[in-house]
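Single-structure report; data block below.
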Amino acid sequence: MDTAAAAAAHAAGPAHRRARTLRARLTAGLVVLLAVSCAAVGVAAVVGLNGFLTGRLDEQLLQTGPSFAQSLEHGTARGPAEGTAAAKPSDHDGDEHGDTRREAAETFGARLVDGTVTNAAVVPSRAHPDFAVALTAADRRALAALPANRTGHTVSVSALGDYRLMAWPGRDGDVLITGQPMEPVRATVHRLERVAGVVFGAALALAGVAGAVWVRWSLRPLSRVAATATRVSELPLASGEVALPAPRTPPADPRSEVGRVSTAFDRMLHHVQDALTKRHASEERLRSFAADASHELRTPVASVRGHAELALLHPGPVPPEVTRALERIAAESARMGELVDEMLLLARLDAGRPLERRPVDLTRLVLDAVTDARAVGPGHRWTLDLPENPVTVPGDAHRLQQVVSNLLANARLHTPEGTEVTVTLETGADTACLCVHDDGPGVPAEVRPGVFERFTRADRRRTDPFGGAGAGLGLSIVAAVTEAHGGSVALDSRPGSTAFTVRLPLDAPDPGTHDRERPASDRGRR
C-alpha cells in the first residue's frame, strides 16, 4: 500500500516531472485511448457472458422443472416449517430425502405453503454434503418474495451462497422453488476477467512500445526542425556574417502537417539568410564608407586647422571679429579632427584589426589620467583607490589610456562642480576591475538602454559652455576597445550614484573569442 501511494504521489508530482514532449503526449494519448477501448470491450464481454450463462441456467431450470421441489412434498407432512414448535413428524411412507436421482448436485429445492417455507433441501455434493439446509429468517423472506411466474431470480442463501431460483405454482396451492448455484457462472466470468486483464495488459504494453516507435518515426522531420532551430538560436545573429546550418531540414511529405511545418521553416530560414546577407553587405559598405571618409577627411581638416592657426599668428592688426572667427575655426577644426580620429578608430575595430598585445601598467595609466582630470576639472573632488601592487594587463597602452580618459571626462562633463568622483582599481581571480563612480545626478533613464550606442548624447547644456561639443562617441570607444581586449563594460546608475565598471582579463584573451567583424555592441557616449 505504501509503495502504491508513493508511486501515485510521484505520478501526481510537479508539472516539471511530467512528460512534456509532443512524442510523449501522443504516445500517452494512444495508450489511454487503447486502454479505454480495451476496458469497454472487456466490460461488454464480461456482461455479455454473464447474461448468456445466466440465461442458459434459466433454460436449464425450465427444462428440469420443479421435480425436486415436488419430491420434497412426499418426504415431509404438510404443516408448519421445520424447527417450529408446531412441526410434527411426517406419516408418509415416501423417501424423506426427496427424489434426487435425476437432479444435478447442489440443486436447491423448497416448498412454500401460504408464504411459509415448509421444506428446503439441496442435492448433496462435496461442497455441501448435507441434504438439509438451515435457512435464516432473511432467507425465508427472500424465498417467500419470489413470484411464481417461472422467471429466474438471483437470491443469496446464507448457507449456500448465490443461487438462481425459479418458482412454480403447485397443484394444491403451494409454491415450488428450484434453483442452481451461480458459482459456475461466477467462476467462468471471473476467469474471463483474468484472461482479459492479462491479454489487454500485454496488448497495452506492446501498443505502448510500438506506438512510441511509430510516433518517433512519424515526428522525425519535426525533431530535425527543432534541432535546426536550436542550432540557429545559438548563432550570433546580431552582427557580422552569419552562415545558417546546411542542409537545414530534410525533405518531408508536403501533404502532411509535419511536412508543411518543415517546408515553411526551411523557406523562412532562406529568407532569414538572405536578409542577414544583405544586412552584412550593408554594414560592410557603411564601415568602408566611414573608414574611407574618416581617412580622407583627416587631411583637409588638418589643413583648415593649420591655416586658421597660421592666420592667428599674423603680426599685423586684425579686427576682433576676424580674430574671433579664426579662433572658432581652429577650435572646431580641432574638434572635427578628434571626431574623425574616433570614427576611424571605431572603423578599424569593426574591421577586426588587432591591437597591440604588450604588458600595460594599468595602475600608472589610472594615476596619469586622474592627474590630468584634476588639472582639467579642479571643481570636482577626485579620489583614488588603488591596490598596493601594480596591476598589469596585456593590451594596447594607448587605447587603454583612451578608455580611462574617456570615463573620467564623461564623469567630469556630466556632473556639476563639487561632485566626488572615485576611481577604484582592483584585481580578481583572472580579471582587473576598473570602476569610475560619481555621486552626481545619474544617467537619465531614457538614455541608459543605449548609453553605449554610437552618437548617444544626453542634455549637455548644463556643463558644456558651447552646447554642441562632443559627438557621443566616447563611451562607444570605451566599449569597443574593452571588448577588443576581451573584456566588458557595464553601467549601474541611479540618482546620486553612477558607476561605470570595466573588466579586463589578466591573461591575453583568445583571439578566436573576439568578433573580428564587429564588436557585439555599437555603443555611444551619454
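Ordered as shown in the C-alpha cells, chains take letters A, B, and onward, while each chain numbers its residues from 1 and ligands are numbered from 1 in the order shown.
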
Do a neighbour search on Pro378 in chain A at 12 Å with only C-alpha atoms, toss out local chain neighbours closer than 3 positions, and write the hits as a list in words.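 Final neighbour list, sorted by chain and number: Val370, Thr371, Asp372, Ala373, Arg374, Ala375, Arg381, Trp382, Arg412, Pro416, Glu417, Gly418, Thr419, Glu420 and Val421 of chain A.
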
Going by DSSP on the backbone, which residues of range 105-285 of chain A come out as strand (DSSP E or B)? List them as a PyMOL selection string. chain A and resi 108-113+116-122+132+153-157+161-169+175-181

Selection export as a CSV table (one decimal), in the first residue's frame, atoms kept: N, CA, C and O atoms:
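Output file part-v1.csv follows:
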```csv
chain,number,residue,atom,x,y,z
A,108,PHE,N,-31.1,-26.9,-5.6
A,108,PHE,CA,-31.8,-26.4,-4.4
A,108,PHE,C,-33.3,-26.6,-4.7
A,108,PHE,O,-33.8,-26.4,-5.8
A,109,GLY,N,-34.0,-27.0,-3.6
A,109,GLY,CA,-35.5,-27.2,-3.8
A,109,GLY,C,-36.2,-26.7,-2.5
A,109,GLY,O,-35.6,-26.8,-1.4
A,110,ALA,N,-37.3,-26.0,-2.6
A,110,ALA,CA,-38.0,-25.6,-1.5
A,110,ALA,C,-39.5,-25.6,-1.8
A,110,ALA,O,-39.9,-25.5,-3.0
A,111,ARG,N,-40.3,-25.7,-0.8
A,111,ARG,CA,-41.8,-25.7,-0.9
A,111,ARG,C,-42.4,-24.7,0.1
A,111,ARG,O,-42.0,-24.7,1.3
A,112,LEU,N,-43.3,-23.9,-0.4
A,112,LEU,CA,-43.9,-22.9,0.4
A,112,LEU,C,-45.4,-23.1,0.4
A,112,LEU,O,-46.0,-23.4,-0.6
A,113,VAL,N,-46.0,-23.0,1.6
A,113,VAL,CA,-47.4,-23.1,1.8
A,113,VAL,C,-47.9,-21.8,2.5
A,113,VAL,O,-47.4,-21.5,3.6
A,116,THR,N,-45.1,-19.6,3.6
A,116,THR,CA,-44.2,-20.1,4.7
A,116,THR,C,-43.4,-21.3,4.1
A,116,THR,O,-44.0,-22.2,3.5
A,117,VAL,N,-42.1,-21.3,4.3
A,117,VAL,CA,-41.3,-22.4,3.8
A,117,VAL,C,-41.5,-23.6,4.7
A,117,VAL,O,-41.3,-23.6,5.9
A,118,THR,N,-42.0,-24.7,4.1
A,118,THR,CA,-42.3,-25.9,4.8
A,118,THR,C,-41.1,-27.0,4.6
A,118,THR,O,-40.9,-27.8,5.5
A,119,ASN,N,-40.5,-26.9,3.4
A,119,ASN,CA,-39.5,-27.8,3.1
A,119,ASN,C,-38.4,-27.1,2.4
A,119,ASN,O,-38.7,-26.2,1.5
A,120,ALA,N,-37.1,-27.4,2.6
A,120,ALA,CA,-36.0,-26.8,1.9
A,120,ALA,C,-34.8,-27.8,2.0
A,120,ALA,O,-34.5,-28.3,3.1
A,121,ALA,N,-34.2,-28.1,0.8
A,121,ALA,CA,-33.1,-29.1,0.8
A,121,ALA,C,-32.3,-28.8,-0.4
A,121,ALA,O,-32.6,-28.0,-1.3
A,122,VAL,N,-31.1,-29.5,-0.5
A,122,VAL,CA,-30.2,-29.3,-1.6
A,122,VAL,C,-29.6,-30.7,-1.8
A,122,VAL,O,-29.4,-31.5,-0.9
A,132,ALA,N,-30.1,-31.4,4.3
A,132,ALA,CA,-31.0,-30.3,4.8
A,132,ALA,C,-30.2,-29.0,4.7
A,132,ALA,O,-29.0,-28.9,4.7
A,153,HIS,N,-34.5,-15.7,-10.8
A,153,HIS,CA,-34.1,-14.6,-9.9
A,153,HIS,C,-32.9,-15.0,-9.2
A,153,HIS,O,-32.8,-16.2,-8.7
A,154,THR,N,-31.9,-14.1,-9.0
A,154,THR,CA,-30.7,-14.5,-8.2
A,154,THR,C,-30.9,-14.1,-6.8
A,154,THR,O,-31.2,-12.9,-6.5
A,155,VAL,N,-30.8,-15.1,-5.9
A,155,VAL,CA,-31.0,-14.9,-4.4
A,155,VAL,C,-29.8,-15.4,-3.7
A,155,VAL,O,-29.3,-16.5,-4.0
A,156,SER,N,-29.4,-14.7,-2.7
A,156,SER,CA,-28.3,-15.1,-1.8
A,156,SER,C,-28.8,-15.9,-0.7
A,156,SER,O,-29.6,-15.4,0.2
A,157,VAL,N,-28.5,-17.2,-0.6
A,157,VAL,CA,-28.9,-18.0,0.5
A,157,VAL,C,-27.7,-18.1,1.5
A,157,VAL,O,-26.6,-18.4,1.1
A,161,GLY,N,-24.8,-19.6,-0.6
A,161,GLY,CA,-24.3,-18.6,-1.5
A,161,GLY,C,-25.4,-18.2,-2.5
A,161,GLY,O,-26.6,-18.3,-2.2
A,162,ASP,N,-24.9,-17.6,-3.6
A,162,ASP,CA,-25.8,-17.1,-4.6
A,162,ASP,C,-26.4,-18.3,-5.4
A,162,ASP,O,-25.7,-19.1,-5.9
A,163,TYR,N,-27.7,-18.2,-5.6
A,163,TYR,CA,-28.4,-19.2,-6.4
A,163,TYR,C,-29.4,-18.6,-7.3
A,163,TYR,O,-29.9,-17.5,-7.1
A,164,ARG,N,-29.5,-19.3,-8.5
A,164,ARG,CA,-30.5,-18.8,-9.5
A,164,ARG,C,-31.8,-19.6,-9.2
A,164,ARG,O,-31.8,-20.8,-9.4
A,165,LEU,N,-32.8,-19.0,-8.7
A,165,LEU,CA,-34.1,-19.6,-8.3
A,165,LEU,C,-35.2,-19.3,-9.2
A,165,LEU,O,-35.3,-18.2,-9.8
A,166,MET,N,-36.1,-20.3,-9.3
A,166,MET,CA,-37.3,-20.1,-10.2
A,166,MET,C,-38.5,-20.8,-9.4
A,166,MET,O,-38.3,-21.9,-8.9
A,167,ALA,N,-39.6,-20.1,-9.4
A,167,ALA,CA,-40.8,-20.6,-8.6
A,167,ALA,C,-41.9,-21.0,-9.6
A,167,ALA,O,-42.2,-20.3,-10.6
A,168,TRP,N,-42.6,-22.1,-9.2
A,168,TRP,CA,-43.8,-22.6,-9.9
A,168,TRP,C,-45.0,-22.7,-9.0
A,168,TRP,O,-44.8,-23.0,-7.8
A,169,PRO,N,-46.2,-22.4,-9.4
A,169,PRO,CA,-47.4,-22.7,-8.6
A,169,PRO,C,-47.6,-24.2,-8.5
A,169,PRO,O,-47.6,-24.9,-9.6
A,175,VAL,N,-46.3,-23.4,-3.4
A,175,VAL,CA,-45.3,-22.8,-4.4
A,175,VAL,C,-44.1,-23.7,-4.3
A,175,VAL,O,-43.5,-23.9,-3.2
A,176,LEU,N,-43.6,-24.1,-5.5
A,176,LEU,CA,-42.5,-25.0,-5.6
A,176,LEU,C,-41.3,-24.1,-6.1
A,176,LEU,O,-41.5,-23.5,-7.2
A,177,ILE,N,-40.2,-24.2,-5.4
A,177,ILE,CA,-39.0,-23.4,-5.9
A,177,ILE,C,-37.8,-24.4,-6.1
A,177,ILE,O,-37.6,-25.3,-5.3
A,178,THR,N,-37.2,-24.1,-7.2
A,178,THR,CA,-36.0,-24.9,-7.5
A,178,THR,C,-34.9,-24.0,-8.0
A,178,THR,O,-35.2,-22.9,-8.5
A,179,GLY,N,-33.7,-24.4,-7.9
A,179,GLY,CA,-32.6,-23.4,-8.3
A,179,GLY,C,-31.2,-24.2,-8.5
A,179,GLY,O,-31.1,-25.3,-8.0
A,180,GLN,N,-30.3,-23.5,-9.1
A,180,GLN,CA,-29.0,-24.0,-9.4
A,180,GLN,C,-28.0,-22.9,-8.9
A,180,GLN,O,-28.3,-21.7,-8.9
A,181,PRO,N,-26.8,-23.3,-8.4
A,181,PRO,CA,-25.9,-22.4,-7.9
A,181,PRO,C,-25.3,-21.5,-9.0
A,181,PRO,O,-25.2,-21.9,-10.1
```

What's around Asn389 in chain A at 12 Å? Count only C-alpha atoms, leave out sequence neighbours fewer than 6 positions away in its own chain, and write the answer as a ChimeraX atom specification. /A:361-364,425-427

Residue with smallest distance to Ala35 in chain A - pool A:Leu413, A:Val481, A:Ala207, A:Leu61, counting only C-alpha atoms: A:Ala207

Find the residues near Leu30 in chain A: any atom within 12 Å, counting only C-alpha atoms, skip ones fewer than 4 places away on the same chain, and give them as a PyMOL selection string. chain A and resi 23-26+34-37+204-212+214-215

Counting only C-alpha atoms, figure out which residue out of A:Glu309, A:Glu234, A:Glu106, A:Glu356 gets nearest to Arg399 in chain A.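 Looking only at the distances to Arg399 in chain A, the closest residue turns out to be A:Glu356.
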
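Minimum distance to Leu222 in chain A across A:Ala264, A:Ala484, A:Ala159, A:Val31 (counting only C-alpha atoms) occurs at A:Ala264.
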